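Data file: coords13.cif. Format and content: mmCIF, C-alpha atoms and all ligand atoms.
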```cif
data_my_file
loop_
_atom_site.label_atom_id
_atom_site.label_comp_id
_atom_site.auth_asym_id
_atom_site.auth_seq_id
_atom_site.Cartn_x
_atom_site.Cartn_y
_atom_site.Cartn_z
CA MET O 1 -15.51 9.48 4.27
CA LYS O 2 -12.53 7.73 2.66
CA THR O 3 -9.33 6.76 4.46
CA LYS O 4 -5.90 6.35 2.92
CA LYS O 5 -2.88 4.92 4.67
CA PHE O 6 0.75 5.83 4.29
CA GLU O 7 3.51 3.62 5.70
CA GLY O 8 6.66 5.63 6.26
CA LYS O 9 10.01 4.52 7.67
CA ASN O 10 9.44 6.77 10.70
CA GLY O 11 5.84 5.80 11.27
CA SER O 12 2.58 5.64 9.42
CA SER O 13 -0.18 8.13 8.70
CA LEU O 14 -3.91 7.87 8.17
CA ILE O 15 -5.49 10.37 5.81
CA TYR O 16 -9.19 11.02 6.33
CA LEU O 17 -10.64 12.55 3.18
CA ASP O 18 -13.98 14.29 3.21
CA GLU O 19 -14.24 14.30 7.00
CA SER O 20 -15.59 17.08 9.18
CA VAL O 21 -13.50 19.07 11.64
CA SER O 22 -16.40 18.70 14.07
CA ASN O 23 -15.39 15.01 14.38
CA LEU O 24 -11.76 15.81 15.16
CA ASP O 25 -12.40 15.11 18.84
CA SER O 26 -13.14 11.46 18.15
CA TYR O 27 -9.62 10.89 16.77
CA LEU O 28 -7.83 12.30 19.81
CA THR O 29 -6.60 9.84 22.40
CA ALA O 30 -3.91 11.73 24.38
CA ASP O 31 -4.57 13.17 27.84
CA LYS O 32 -3.48 16.58 26.67
CA ASN O 33 -3.89 18.15 23.23
CA ILE O 34 -2.51 21.42 22.00
CA ILE O 35 -3.62 23.17 18.81
CA ILE O 36 -1.36 25.33 16.67
CA THR O 37 -3.16 27.61 14.23
CA ASP O 38 -2.74 31.06 12.72
CA ARG O 39 -4.68 34.21 13.55
CA ASN O 40 -6.84 34.10 10.38
CA VAL O 41 -7.84 30.48 10.75
CA GLY O 42 -8.34 30.88 14.52
CA LYS O 43 -10.68 33.80 14.00
CA LEU O 44 -12.79 31.95 11.42
CA TYR O 45 -12.85 28.45 12.86
CA SER O 46 -11.80 28.23 16.52
CA SER O 47 -15.44 27.69 17.51
CA SER O 48 -15.28 24.28 15.79
CA PHE O 49 -11.95 23.28 17.39
CA PRO O 50 -12.00 20.63 20.13
CA ASP O 51 -11.32 21.67 23.67
CA ALA O 52 -7.54 22.23 23.95
CA GLU O 53 -4.89 24.87 24.56
CA ILE O 54 -4.49 27.00 21.42
CA ILE O 55 -1.26 28.61 20.17
CA GLU O 56 -1.96 31.22 17.52
CA ILE O 57 0.86 32.37 15.25
CA GLU O 58 0.91 35.29 12.82
CA PRO O 59 -0.34 34.25 9.37
CA GLY O 60 1.96 33.93 6.39
CA GLU O 61 5.39 32.81 5.28
CA LYS O 62 7.14 35.46 7.39
CA SER O 63 6.21 33.40 10.49
CA LYS O 64 7.94 30.27 9.22
CA ASN O 65 11.14 30.72 11.17
CA LEU O 66 12.96 29.59 14.31
CA ARG O 67 11.67 32.54 16.35
CA THR O 68 8.12 31.28 15.94
CA VAL O 69 9.27 27.77 16.83
CA GLU O 70 10.97 29.11 19.96
CA HIS O 71 7.75 30.87 20.95
CA ILE O 72 5.88 27.58 20.48
CA TYR O 73 8.41 25.67 22.65
CA GLU O 74 7.94 28.32 25.37
CA ARG O 75 4.18 27.84 25.24
CA PHE O 76 4.68 24.05 25.40
CA LEU O 77 6.68 24.54 28.59
CA ASP O 78 4.06 26.91 30.05
CA CYS O 79 1.29 24.43 29.29
CA GLU O 80 3.32 21.54 30.75
CA ILE O 81 3.24 19.66 27.49
CA ASP O 82 5.24 16.41 27.57
CA ARG O 83 6.16 13.61 25.20
CA HIS O 84 2.75 12.00 25.63
CA SER O 85 0.81 15.13 24.68
CA PHE O 86 -0.49 15.58 21.15
CA VAL O 87 -0.09 18.51 18.76
CA ILE O 88 -2.65 19.41 16.08
CA GLY O 89 -1.76 21.92 13.37
CA ILE O 90 -4.93 23.52 11.95
CA GLY O 91 -4.19 25.86 9.07
CA GLY O 92 -2.43 26.26 5.75
CA GLY O 93 0.98 24.93 4.77
CA VAL O 94 2.77 27.38 7.04
CA VAL O 95 0.95 26.12 10.14
CA CYS O 96 1.40 22.46 9.11
CA ASP O 97 5.13 22.90 8.49
CA ILE O 98 5.73 24.71 11.80
CA ALA O 99 3.47 22.51 13.91
CA GLY O 100 5.07 19.36 12.45
CA PHE O 101 8.55 20.72 13.07
CA ALA O 102 7.84 21.83 16.64
CA ALA O 103 6.14 18.51 17.47
CA SER O 104 8.84 16.34 15.93
CA THR O 105 11.65 18.14 17.76
CA TYR O 106 10.21 18.99 21.20
CA MET O 107 11.36 16.31 23.69
CA ARG O 108 12.76 14.42 20.66
CA GLY O 109 9.35 14.05 19.15
CA MET O 110 5.71 13.80 20.13
CA GLY O 111 2.58 12.71 18.27
CA PHE O 112 0.96 15.20 15.92
CA ALA O 113 -1.76 15.60 13.30
CA PHE O 114 -2.77 18.11 10.66
CA VAL O 115 -6.08 19.65 9.70
CA PRO O 116 -5.08 21.44 6.48
CA THR O 117 -7.34 24.41 5.68
CA THR O 118 -6.04 25.57 2.28
CA LEU O 119 -6.23 23.66 -1.00
CA LEU O 120 -2.42 23.74 -1.21
CA ALA O 121 -2.09 22.28 2.28
CA GLN O 122 -4.63 19.51 1.54
CA VAL O 123 -3.04 18.37 -1.72
CA ASP O 124 0.60 19.02 -0.87
CA ALA O 125 1.94 20.44 2.41
CA SER O 126 0.12 18.10 4.83
CA ILE O 127 1.19 14.97 2.94
CA GLY O 128 4.58 13.30 2.97
CA GLY O 129 6.01 14.20 6.37
CA LYS O 130 8.34 17.07 5.48
CA ASN O 131 8.22 19.66 8.26
CA GLY O 132 10.45 22.67 8.28
CA VAL O 133 11.16 26.37 8.56
CA ASN O 134 13.05 28.97 6.54
CA PHE O 135 16.44 30.29 7.62
CA LYS O 136 18.53 33.21 6.30
CA GLY O 137 16.41 33.53 3.20
CA TYR O 138 16.55 29.83 2.32
CA LYS O 139 13.19 28.10 2.15
CA ASN O 140 12.61 25.00 4.29
CA ILE O 141 16.33 24.59 4.95
CA ILE O 142 15.85 23.42 8.55
CA GLY O 143 13.49 20.56 9.10
CA THR O 144 12.55 16.98 9.78
CA ILE O 145 10.89 14.14 7.92
CA ASP O 146 8.35 12.71 10.31
CA GLN O 147 4.84 11.55 9.44
CA PRO O 148 1.78 12.95 11.23
CA ASP O 149 -0.39 10.33 12.97
CA PHE O 150 -3.30 11.52 10.84
CA VAL O 151 -4.43 14.21 8.44
CA LEU O 152 -8.08 15.26 8.52
CA MET O 153 -9.42 16.99 5.41
CA ASP O 154 -12.63 19.01 5.46
CA HIS O 155 -13.97 20.85 2.38
CA LYS O 156 -15.80 23.32 4.60
CA PHE O 157 -12.63 25.38 4.94
CA PHE O 158 -12.68 26.33 1.25
CA GLU O 159 -15.79 28.50 1.77
CA THR O 160 -13.61 31.25 3.16
CA LEU O 161 -10.47 30.70 1.11
CA PRO O 162 -9.42 33.77 -0.93
CA MET O 163 -9.19 33.21 -4.72
CA LYS O 164 -5.43 33.67 -4.79
CA GLU O 165 -5.04 30.83 -2.28
CA VAL O 166 -7.31 28.64 -4.41
CA GLN O 167 -5.07 29.33 -7.39
CA ASN O 168 -1.94 28.52 -5.37
CA GLY O 169 -3.48 25.13 -4.69
CA PHE O 170 -4.38 24.54 -8.32
CA ALA O 171 -0.80 25.24 -9.41
CA GLU O 172 0.30 22.24 -7.29
CA VAL O 173 -2.59 20.10 -8.57
CA ILE O 174 -1.60 20.87 -12.18
CA LYS O 175 2.04 20.15 -11.31
CA SER O 176 1.19 16.73 -9.83
CA ALA O 177 -0.99 15.77 -12.81
CA ALA O 178 1.66 16.94 -15.28
CA ILE O 179 4.42 14.80 -13.77
CA TYR O 180 2.44 11.75 -12.79
CA SER O 181 -1.09 11.32 -14.09
CA LYS O 182 -2.40 11.63 -17.61
CA ASP O 183 -5.89 10.81 -16.29
CA LEU O 184 -5.98 13.56 -13.72
CA PHE O 185 -4.59 15.97 -16.31
CA ARG O 186 -7.38 15.09 -18.72
CA PHE O 187 -9.92 15.47 -15.93
CA LEU O 188 -8.58 18.96 -15.23
CA GLU O 189 -8.91 19.79 -18.93
CA ASP O 190 -12.46 18.45 -19.12
CA ASN O 191 -13.72 20.13 -15.96
CA GLN O 192 -12.16 23.54 -16.04
CA GLU O 193 -15.58 25.22 -16.04
CA THR O 194 -16.84 23.68 -12.81
CA VAL O 195 -13.74 22.87 -10.81
CA PRO O 196 -12.37 26.26 -9.78
CA ASP O 197 -15.48 27.15 -7.76
CA LEU O 198 -14.56 24.38 -5.29
CA GLU O 199 -18.23 23.54 -4.68
CA SER O 200 -18.34 20.82 -7.23
CA LYS O 201 -18.04 17.09 -6.78
CA ALA O 202 -15.09 17.29 -9.14
CA ILE O 203 -12.92 18.94 -6.49
CA LYS O 204 -13.27 15.90 -4.21
CA ARG O 205 -11.95 13.66 -6.96
CA ILE O 206 -9.13 16.10 -7.68
CA ILE O 207 -8.04 16.26 -4.04
CA GLY O 208 -8.22 12.47 -3.66
CA GLU O 209 -6.15 11.87 -6.79
CA THR O 210 -3.58 14.56 -6.05
CA VAL O 211 -3.11 13.16 -2.54
CA ASP O 212 -2.70 9.69 -4.11
CA ILE O 213 -0.01 10.95 -6.46
CA LYS O 214 1.96 12.46 -3.60
CA LEU O 215 1.56 9.31 -1.49
CA GLN O 216 2.74 7.10 -4.34
CA ILE O 217 5.79 9.27 -4.96
CA VAL O 218 6.65 9.57 -1.27
CA SER O 219 6.25 5.81 -0.71
CA LYS O 220 8.89 5.23 -3.37
CA ASP O 221 11.23 7.87 -1.99
CA GLU O 222 10.37 9.22 1.45
CA PHE O 223 13.74 10.94 1.96
CA GLU O 224 14.00 12.64 -1.44
CA GLU O 225 16.89 10.80 -3.01
CA GLY O 226 15.29 10.49 -6.44
CA GLU O 227 11.63 10.14 -7.41
CA ARG O 228 10.39 12.70 -4.86
CA ARG O 229 12.36 15.40 -6.65
CA LYS O 230 9.80 15.22 -9.44
CA LEU O 231 7.51 17.20 -7.16
CA ASN O 232 9.84 20.13 -7.77
CA PHE O 233 8.55 20.42 -11.35
CA GLY O 234 8.24 24.14 -12.09
CA HIS O 235 9.87 25.00 -8.77
CA THR O 236 13.50 25.62 -9.84
CA PHE O 237 12.50 28.66 -11.85
CA GLY O 238 9.40 29.15 -9.71
CA HIS O 239 11.35 29.79 -6.50
CA ALA O 240 13.69 32.18 -8.29
CA ILE O 241 10.74 34.12 -9.72
CA GLU O 242 8.90 34.13 -6.39
CA LYS O 243 11.93 35.46 -4.53
CA ASN O 244 12.57 38.27 -6.96
CA SER O 245 9.07 39.51 -7.75
CA SER O 246 5.70 40.01 -6.14
CA TYR O 247 4.21 36.92 -7.78
CA THR O 248 2.50 34.40 -5.51
CA HIS O 249 3.92 30.88 -5.17
CA GLY O 250 1.29 29.45 -7.53
CA GLU O 251 1.89 32.12 -10.16
CA ALA O 252 5.65 31.71 -9.97
CA VAL O 253 5.43 27.90 -10.15
CA SER O 254 3.08 28.19 -13.14
CA MET O 255 5.64 30.30 -14.97
CA GLY O 256 8.31 27.83 -13.89
CA MET O 257 6.27 24.98 -15.40
CA VAL O 258 5.89 26.94 -18.65
CA MET O 259 9.66 27.40 -18.81
CA ALA O 260 10.27 23.74 -17.99
CA VAL O 261 8.02 22.54 -20.83
CA ASP O 262 9.51 25.04 -23.27
CA ILE O 263 12.97 23.63 -22.49
CA SER O 264 11.56 20.08 -22.67
CA VAL O 265 10.34 20.87 -26.20
CA SER O 266 13.59 22.49 -27.26
CA ARG O 267 15.52 19.43 -26.05
CA GLY O 268 13.26 17.21 -28.14
CA LEU O 269 11.78 15.48 -25.08
CA LEU O 270 8.19 16.69 -25.39
CA PRO O 271 5.98 17.27 -28.43
CA PRO O 272 5.08 20.98 -28.80
CA ALA O 273 1.34 20.14 -28.71
CA ASP O 274 1.72 18.74 -25.16
CA ALA O 275 3.48 21.89 -24.00
CA GLU O 276 0.52 23.85 -25.38
CA ARG O 277 -1.91 21.61 -23.46
CA LEU O 278 -0.12 22.41 -20.21
CA LYS O 279 -0.12 26.13 -20.93
CA ARG O 280 -3.84 26.02 -21.73
CA VAL O 281 -4.68 24.30 -18.44
CA ILE O 282 -2.54 26.77 -16.50
CA LYS O 283 -4.34 29.66 -18.22
CA ASN O 284 -7.80 28.17 -17.71
CA TYR O 285 -7.21 27.84 -13.98
CA GLY O 286 -6.46 31.55 -13.78
CA LEU O 287 -2.67 31.25 -13.58
CA PRO O 288 -0.03 32.94 -15.76
CA HIS O 289 0.96 30.93 -18.83
CA LYS O 290 3.60 33.36 -20.07
CA ILE O 291 6.81 34.50 -18.45
CA ASP O 292 6.61 38.12 -17.55
CA MET O 293 10.14 38.76 -16.32
CA ASP O 294 13.35 40.09 -17.74
CA THR O 295 15.64 37.22 -18.88
CA GLU O 296 18.78 38.70 -17.35
CA GLN O 297 17.02 39.32 -14.04
CA LEU O 298 15.72 35.76 -14.05
CA ARG O 299 19.11 34.23 -14.86
CA ASP O 300 20.60 36.18 -12.00
CA ALA O 301 17.85 35.08 -9.64
CA ILE O 302 18.34 31.39 -10.53
CA ARG O 303 22.08 31.68 -10.05
CA LYS O 304 21.60 33.23 -6.60
CA ASP O 305 18.90 30.78 -5.61
CA LYS O 306 20.98 27.76 -6.55
CA LYS O 307 24.26 28.92 -5.01
CA ARG O 308 24.17 26.35 -2.26
CA THR O 309 23.80 23.38 -4.63
CA GLY O 310 26.84 24.13 -6.78
CA ASP O 311 26.82 24.31 -10.55
CA MET O 312 24.57 21.34 -11.30
CA VAL O 313 20.81 21.59 -10.95
CA LYS O 314 18.46 18.64 -10.72
CA PHE O 315 15.85 19.78 -13.18
CA VAL O 316 12.47 18.21 -13.85
CA PHE O 317 11.39 18.00 -17.50
CA LEU O 318 8.31 16.44 -19.04
CA LYS O 319 8.61 13.72 -21.63
CA ASP O 320 4.87 13.25 -21.85
CA ILE O 321 1.80 14.60 -20.08
CA GLY O 322 1.84 12.62 -16.84
CA ASP O 323 5.50 11.69 -17.10
CA GLY O 324 8.16 13.85 -15.47
CA VAL O 325 11.88 13.06 -15.70
CA ILE O 326 14.75 14.32 -13.56
CA MET O 327 18.02 15.29 -15.22
CA ASP O 328 21.24 16.90 -13.99
CA ILE O 329 21.77 20.13 -15.88
CA PRO O 330 24.72 22.51 -15.52
CA LEU O 331 23.51 25.95 -14.44
CA SER O 332 25.44 27.51 -17.30
CA GLU O 333 23.03 25.84 -19.74
CA PHE O 334 20.26 28.18 -18.61
N1 LIG P 401 5.85 20.20 3.80
C1 LIG P 401 5.63 20.11 2.52
O1 LIG P 401 5.80 19.04 1.92
C2 LIG P 401 5.16 21.32 1.77
C3 LIG P 401 4.68 21.18 0.47
C4 LIG P 401 4.20 22.31 -0.18
C5 LIG P 401 4.21 23.54 0.47
N2 LIG P 401 4.69 23.64 1.73
C6 LIG P 401 4.70 24.92 2.44
O2 LIG P 401 3.37 25.38 2.56
C7 LIG P 401 3.41 26.81 2.70
C8 LIG P 401 2.30 27.41 1.88
O3 LIG P 401 1.06 26.95 2.35
P1 LIG P 401 -0.30 27.75 2.06
O4 LIG P 401 -0.34 28.11 0.63
O5 LIG P 401 -1.39 26.96 2.66
O6 LIG P 401 -0.04 29.12 2.81
P2 LIG P 401 -0.45 29.71 4.27
O7 LIG P 401 -0.37 28.67 5.30
O8 LIG P 401 0.36 30.93 4.43
O9 LIG P 401 -1.99 30.11 4.06
C9 LIG P 401 -2.31 31.11 3.15
C10 LIG P 401 -3.21 32.17 3.77
O10 LIG P 401 -4.54 31.66 3.86
C11 LIG P 401 -5.02 31.82 5.19
N3 LIG P 401 -5.97 30.72 5.38
C12 LIG P 401 -5.67 29.43 5.64
N4 LIG P 401 -6.80 28.70 5.61
C13 LIG P 401 -7.81 29.54 5.35
C14 LIG P 401 -9.22 29.37 5.18
N5 LIG P 401 -9.79 28.17 5.23
N6 LIG P 401 -9.97 30.48 4.91
C15 LIG P 401 -9.38 31.69 4.80
N7 LIG P 401 -8.07 31.91 4.93
C16 LIG P 401 -7.30 30.84 5.20
C17 LIG P 401 -3.82 31.84 6.06
O11 LIG P 401 -4.04 32.51 7.27
C18 LIG P 401 -2.81 32.59 5.18
O12 LIG P 401 -3.01 33.97 5.31
C19 LIG P 401 4.78 27.25 2.30
O13 LIG P 401 5.51 27.65 3.42
C20 LIG P 401 5.41 26.00 1.69
O14 LIG P 401 6.82 25.94 1.86
C21 LIG P 401 5.15 22.55 2.39
ZN ZN P 402 5.02 24.54 -4.46
#
```
In structure tokens, how does this file's structure come out?
Amino acid sequence: MKTKKFEGKNGSSLIYLDESVSNLDSYLTADKNIIITDRNVGKLYSSSFPDAEIIEIEPGEKSKNLRTVEHIYERFLDCEIDRHSFVIGIGGGVVCDIAGFAASTYMRGMGFAFVPTTLLAQVDASIGGKNGVNFKGYKNIIGTIDQPDFVLMDHKFFETLPMKEVQNGFAEVIKSAAIYSKDLFRFLEDNQETVPDLESKAIKRIIGETVDIKLQIVSKDEFEEGERRKLNFGHTFGHAIEKNSSYTHGEAVSMGMVMAVDISVSRGLLPPADAERLKRVIKNYGLPHKIDMDTEQLRDAIRKDKKRTGDMVKFVFLKDIGDGVIMDIPLSEF
């Protein structure tokens, strides 16, 4: 097992890589623990959870709202949870975001931890301390930045992960490599045969390095005033596509990355050969490398999606593989 440490302004986090959920018990020190999970994860894995009250929410993004949080607060009251109790979110990004939000707001904040069970949650959602819910159609618009006491990662969970969830995770891995690490990007290129099956040793390296990238970015900019925005690479268009189509998050972000590198090339920032490298990796990890959406429809979707931020968009371009740059672009330019 490897441990990484993150020092945030609102507390620090320990990240246990390659640990087993069966050891979770040994990290718990509070008198009372309460687990938040979703129905799918509960059904598959509750037999390996430590002894604690369990709150099960409905799986999926549709649960990520204040109604679910209210239900959780009610259960906290029923279970006589107080400030000294400890919350553990065991599940994908939805569970981590909700559990972190509920724990950091109930009684002005209690201790919490995550056991992320999807690839996306291990490399992205469980790291960096952003916890939030959706409201009135806006994603993650209500939330906190508060670090979990620890994050425990176990590869065992991938055995049951559906392929589309694996691909969602890889879209974020590719994103992180593209903006921050030439080495990881090359590793993804060199190992595309073995990596996607998630059994290989390669996946451990990929998770470790992607977590490192996020930790490095978040240590420079915990509250997203600059550097952290690079993690939105592919997401400006991606969110607009996701909202207006049936594409998954990973598929939409992949198309968003393709658009971002095409614009990077047309602005003379990125050599065309590097844009092709990114598209090839996206394709080889089973994600869409071409935009399959009507231009007018897309323009409309971006306009709607960005309404609340005014006319300027902070857009992430690539100027090299492993080097993302943030620029202010007027919406009209798209
Ligand atoms: N806080 C952050 O910094 C951050 C970063 C990235 C994404 N997110 C959020 O993460 C969410 C997406 O996370 P996600 O992709 O993990 O989605 P998810 O939590 O909805 O999980 C996807 C599906 O997989 C199921 N599942 C989870 N683990 C499983 C397992 N081991 N085996 C079988 N099925 C399993 C879940 O029940 C669900 O149906 C979004 O809401 C996004 O906004 C947050
Ligand atoms: Zn994403």
- Item | Given 7 Å and all atoms listed in the file, residues near ligand ZN 402 (chain P) as a VMD selection string | chain O and resid 172 235 249 to 250 253
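Comparing O:Pro162, O:Gly322, O:Leu231, O:Glu333 by their smallest distance to Ile263 in chain O, the closest is O:Glu333 (using only C-alpha atoms).
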- Within-8 Å residues of ligand LIG 401 (chain P), basis all atoms listed in the file, as number ranges by chain: O: 38-41, 44, 58-61, 64, 91-97, 116-121, 124-133, 139-140, 156-162, 165, 168-169, 249
- Nearest-residue call for Met312 in chain O, choices O:Asp274, O:Asp262, O:Asp328, O:Asp300, using all atoms listed in the file: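 Going through O:Asp274, O:Asp262, O:Asp328, O:Asp300 one by one, the smallest distance to Met312 in chain O is for O:Asp328.
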- List every protein, DNA or RNA residue with an atom no more than 12 Å from (-6.7, 25.2, 18.8) in the file's coordinates, counting only C-alpha atoms, and format the result as an MDAnalysis selection string. chainID O and resid 21 24:25 33:39 41:57 86:91 95 99 114:115
Would you save the residues from that selection as a JSON list (two decimals), keeping the file's coordinate frame, using C-alpha atoms?
```json
[["chain", "number", "residue", "atom", "x", "y", "z"],
["O", 21, "VAL", "CA", -13.50, 19.07, 11.64],
["O", 24, "LEU", "CA", -11.76, 15.81, 15.16],
["O", 25, "ASP", "CA", -12.40, 15.11, 18.84],
["O", 33, "ASN", "CA", -3.89, 18.15, 23.23],
["O", 34, "ILE", "CA", -2.51, 21.42, 22.00],
["O", 35, "ILE", "CA", -3.62, 23.17, 18.81],
["O", 36, "ILE", "CA", -1.36, 25.33, 16.67],
["O", 37, "THR", "CA", -3.16, 27.61, 14.23],
["O", 38, "ASP", "CA", -2.74, 31.06, 12.72],
["O", 39, "ARG", "CA", -4.68, 34.21, 13.55],
["O", 41, "VAL", "CA", -7.84, 30.48, 10.75],
["O", 42, "GLY", "CA", -8.34, 30.88, 14.52],
["O", 43, "LYS", "CA", -10.68, 33.80, 14.00],
["O", 44, "LEU", "CA", -12.79, 31.95, 11.42],
["O", 45, "TYR", "CA", -12.85, 28.45, 12.86],
["O", 46, "SER", "CA", -11.80, 28.23, 16.52],
["O", 47, "SER", "CA", -15.44, 27.69, 17.51],
["O", 48, "SER", "CA", -15.28, 24.28, 15.79],
["O", 49, "PHE", "CA", -11.95, 23.28, 17.39],
["O", 50, "PRO", "CA", -12.00, 20.63, 20.13],
["O", 51, "ASP", "CA", -11.32, 21.67, 23.67],
["O", 52, "ALA", "CA", -7.54, 22.23, 23.95],
["O", 53, "GLU", "CA", -4.89, 24.87, 24.56],
["O", 54, "ILE", "CA", -4.49, 27.00, 21.42],
["O", 55, "ILE", "CA", -1.26, 28.61, 20.17],
["O", 56, "GLU", "CA", -1.96, 31.22, 17.52],
["O", 57, "ILE", "CA", 0.86, 32.37, 15.25],
["O", 86, "PHE", "CA", -0.49, 15.58, 21.15],
["O", 87, "VAL", "CA", -0.09, 18.51, 18.76],
["O", 88, "ILE", "CA", -2.65, 19.41, 16.08],
["O", 89, "GLY", "CA", -1.76, 21.92, 13.37],
["O", 90, "ILE", "CA", -4.93, 23.52, 11.95],
["O", 91, "GLY", "CA", -4.19, 25.86, 9.07],
["O", 95, "VAL", "CA", 0.95, 26.12, 10.14],
["O", 99, "ALA", "CA", 3.47, 22.51, 13.91],
["O", 114, "PHE", "CA", -2.77, 18.11, 10.66],
["O", 115, "VAL", "CA", -6.08, 19.65, 9.70]]
```
- Quick one: pull the distance between CA of Ser26 in chain O and CA of Tyr106 in chain O, Å, one decimal.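 CA of Tyr106 in chain O lies at a distance of 24.7 Å from CA of Ser26 in chain O.
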- Counting only C-alpha atoms, which of O:Leu152, O:Val258, O:Ile241, O:Ile329 gets nearest to Leu287 in chain O?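 Distance minimum relative to Leu287 in chain O lands on O:Val258.
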- Provide the CA of Asn134 in chain O to CA of Asp311 in chain O distance in Å, to one decimal place. 22.4 Å
- Item | Shell of 6 Å around Asp149 in chain O, all atoms listed in the file, local chain residues under 2 positions omitted, as a PyMOL selection string | chain O and resi 13+112-113
- Distance in Å - CA of Ala275 in chain O versus CA of Val261 in chain O: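 CA of Val261 in chain O lies 5.6 Å from CA of Ala275 in chain O.
Using only C-alpha atoms, the smallest distance between any of O:Lys214, O:Arg67, O:Leu188, O:Gly100 and Arg277 in chain O comes from O:Leu188.
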- Message: Show me, as a list in words, the residues that have an atom within 8 Å of Gly8 in chain O when counting only C-alpha atoms, minus same-chain residues fewer than 3 positions from it.
- Response: Gly11, Ser12, Ser13, Gln147, Ser219 and Glu222 of chain O
- Task: Could you check which of O:Lys201, O:Arg229, O:Lys319, O:His289 is closest to Ser264 in chain O, using all atoms listed in the file?
- Result: O:Lys319
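Remark: for Gly256 in chain O, the closest of the candidate residues O:Gly310, O:Ile213, O:Phe315, O:Leu331 is O:Phe315 (distances computed over all atoms listed in the file).
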